[in-house]
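Only one structure is covered here, and it is reproduced in the block below.
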Amino acid sequence: MRKSLLLGMLALLSACSKQAPPAPPTANNGGDEVAAAAPAGTAMPQETPVAATPAPANASTSLRAEGVGAIRFGMTLEQAQQAAGSKATLPEPFDPACSMVRFASLPKLRFMVENDVVTRADAEPGIENAVGVPFGATLAQIRAKHPAAEVTPHKYDESGHYVTFPGADGRSAIILEVTGDKVTKMRAGLQPAVAYVETCG
């Protein structure tokens, strides 16, 4: 009897001496770790989408050998109206063979239309050009800026000249008209229309 009691006490002491296993770690989905690392109240960075850069509403109105703004020489009148974003103002009477028209979106410019094709544009003061020669420039200033420019005699003014800048396509040009030793007219377009001394009508 005493032996059985002694064995029971030893078993009880052995059970008490064993330590309970540590509690398993709490499951974490990863987001709690980030939240714990960041100070309270700190907003997490968000990826900002890159917005597409909008195209300019209106193209440049600088006179070029190939066209003006969105209008290209060689377009039909309907295509030019779509490019300009406005209907053409037609002269009265309108001659389909050759007429000068205007667009409200492109002031200070007249466009030559021959058999429904836009072939040329004549500019008024205030319009710039791709060769960087303004109205009022002298022939000496043009030659200093463009030594290779083609200079030919004026048809009506004995002291006047035409200064021609051929386009890269070989079909078009910018022509500056010099009278009284100053640029008084400028035009651009397809050959042969751009070389006409007179316009339609």
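Ligands are numbered from 1 in the order shown, residues from 1 within each chain, and chains are lettered A, B, ... in the order they appear in the structure tokens.
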If DSSP is run on the backbone, what residues of range 104-201 of chain A are strand (DSSP E or B)? A reply as an MDAnalysis selection string would be ideal.
chainID A and resid 109:114 117:123 129 150:153 161:166 172:179 182:190
Compile the contact shell of range 147-155 of chain A as a short mmCIF file (atom, residue, chain, number, x, y, z; two decimals) with N, CA and C atoms, in the first residue's frame: residues with an atom at most 12 Å away, counting only C-alpha atoms, same-chain residues fewer than 3 positions apart removed.
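After the write, selection39.cif holds the following:
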data_model
loop_
_atom_site.label_atom_id
_atom_site.label_comp_id
_atom_site.auth_asym_id
_atom_site.auth_seq_id
_atom_site.Cartn_x
_atom_site.Cartn_y
_atom_site.Cartn_z
N VAL A 131 10.50 79.17 -93.61
CA VAL A 131 11.88 79.62 -93.88
C VAL A 131 12.29 80.77 -92.97
N VAL A 133 11.32 83.97 -92.85
CA VAL A 133 11.46 85.30 -93.45
C VAL A 133 10.13 86.02 -93.34
N LEU A 139 15.68 92.05 -99.52
CA LEU A 139 16.33 90.99 -100.29
C LEU A 139 17.71 90.68 -99.71
N ALA A 140 18.43 91.71 -99.25
CA ALA A 140 19.75 91.47 -98.65
C ALA A 140 19.63 90.60 -97.39
N GLN A 141 18.60 90.84 -96.59
CA GLN A 141 18.40 90.02 -95.40
C GLN A 141 18.07 88.58 -95.75
N ILE A 142 17.28 88.39 -96.81
CA ILE A 142 16.95 87.04 -97.24
C ILE A 142 18.20 86.32 -97.72
N ARG A 143 19.02 86.99 -98.52
CA ARG A 143 20.24 86.36 -99.05
C ARG A 143 21.23 86.05 -97.93
N ALA A 144 21.27 86.91 -96.92
CA ALA A 144 22.18 86.64 -95.80
C ALA A 144 21.72 85.41 -95.02
N GLU A 158 10.58 96.09 -112.23
CA GLU A 158 11.94 95.92 -112.73
C GLU A 158 12.96 95.74 -111.60
N SER A 159 12.66 96.32 -110.46
CA SER A 159 13.59 96.18 -109.33
C SER A 159 13.15 95.08 -108.37
N GLY A 160 12.04 94.40 -108.70
CA GLY A 160 11.51 93.37 -107.81
C GLY A 160 12.05 91.98 -108.13
N HIS A 161 11.76 91.05 -107.22
CA HIS A 161 12.25 89.67 -107.38
C HIS A 161 11.27 88.67 -106.79
N TYR A 162 11.42 87.43 -107.24
CA TYR A 162 10.76 86.29 -106.60
C TYR A 162 11.86 85.45 -105.96
N VAL A 163 11.63 85.05 -104.72
CA VAL A 163 12.59 84.20 -104.02
C VAL A 163 11.90 82.87 -103.75
N THR A 164 12.44 81.81 -104.33
CA THR A 164 11.80 80.50 -104.27
C THR A 164 12.56 79.52 -103.38
N PHE A 165 11.79 78.82 -102.52
CA PHE A 165 12.35 77.77 -101.65
C PHE A 165 11.63 76.47 -101.98
N PRO A 166 12.24 75.60 -102.80
CA PRO A 166 11.58 74.35 -103.17
C PRO A 166 11.33 73.44 -101.96
N GLY A 167 10.23 72.69 -102.00
CA GLY A 167 9.92 71.75 -100.94
C GLY A 167 10.73 70.47 -101.07
N ALA A 173 6.60 74.39 -103.19
CA ALA A 173 7.57 75.44 -102.90
C ALA A 173 6.93 76.55 -102.08
N ILE A 174 7.78 77.35 -101.45
CA ILE A 174 7.39 78.63 -100.85
C ILE A 174 8.00 79.71 -101.73
N ILE A 175 7.20 80.70 -102.10
CA ILE A 175 7.69 81.81 -102.93
C ILE A 175 7.41 83.12 -102.23
N LEU A 176 8.46 83.93 -102.06
CA LEU A 176 8.34 85.27 -101.48
C LEU A 176 8.46 86.28 -102.61
N GLU A 177 7.57 87.25 -102.60
CA GLU A 177 7.58 88.28 -103.64
C GLU A 177 8.15 89.57 -103.05
N VAL A 178 9.22 90.07 -103.67
CA VAL A 178 9.91 91.26 -103.17
C VAL A 178 9.67 92.41 -104.14
N THR A 179 9.02 93.46 -103.66
CA THR A 179 8.85 94.69 -104.44
C THR A 179 9.22 95.86 -103.54
N GLY A 180 9.87 96.88 -104.14
CA GLY A 180 10.34 98.00 -103.33
C GLY A 180 11.37 97.55 -102.31
N ASP A 181 12.10 96.49 -102.63
CA ASP A 181 13.15 95.90 -101.79
C ASP A 181 12.62 95.33 -100.48
N ALA A 195 3.60 79.01 -108.74
CA ALA A 195 4.38 79.94 -109.53
C ALA A 195 3.54 80.93 -110.31
N TYR A 196 2.20 80.76 -110.30
CA TYR A 196 1.35 81.71 -110.99
C TYR A 196 1.57 83.11 -110.40
N VAL A 197 1.75 84.09 -111.26
CA VAL A 197 1.90 85.46 -110.78
C VAL A 197 0.56 85.99 -110.30
N GLU A 198 -0.51 85.63 -111.00
CA GLU A 198 -1.85 86.05 -110.61
C GLU A 198 -2.57 84.89 -109.94
#
Of the residues A:Lys182, A:Lys145, A:Arg102, A:Lys87, which is the one nearest to Arg120 in chain A, using only C-alpha atoms?
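Among A:Lys182, A:Lys145, A:Arg102, A:Lys87, it is A:Arg102 that comes nearest to Arg120 in chain A.
Straight-line separation from CA of Thr76 in chain A to CA of Glu92 in chain A: 19.8 Å.
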Provide the CA of Ser99 in chain A to CA of Pro134 in chain A distance in Å, to one decimal place.
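Interatomic distance here is 26.1 Å.
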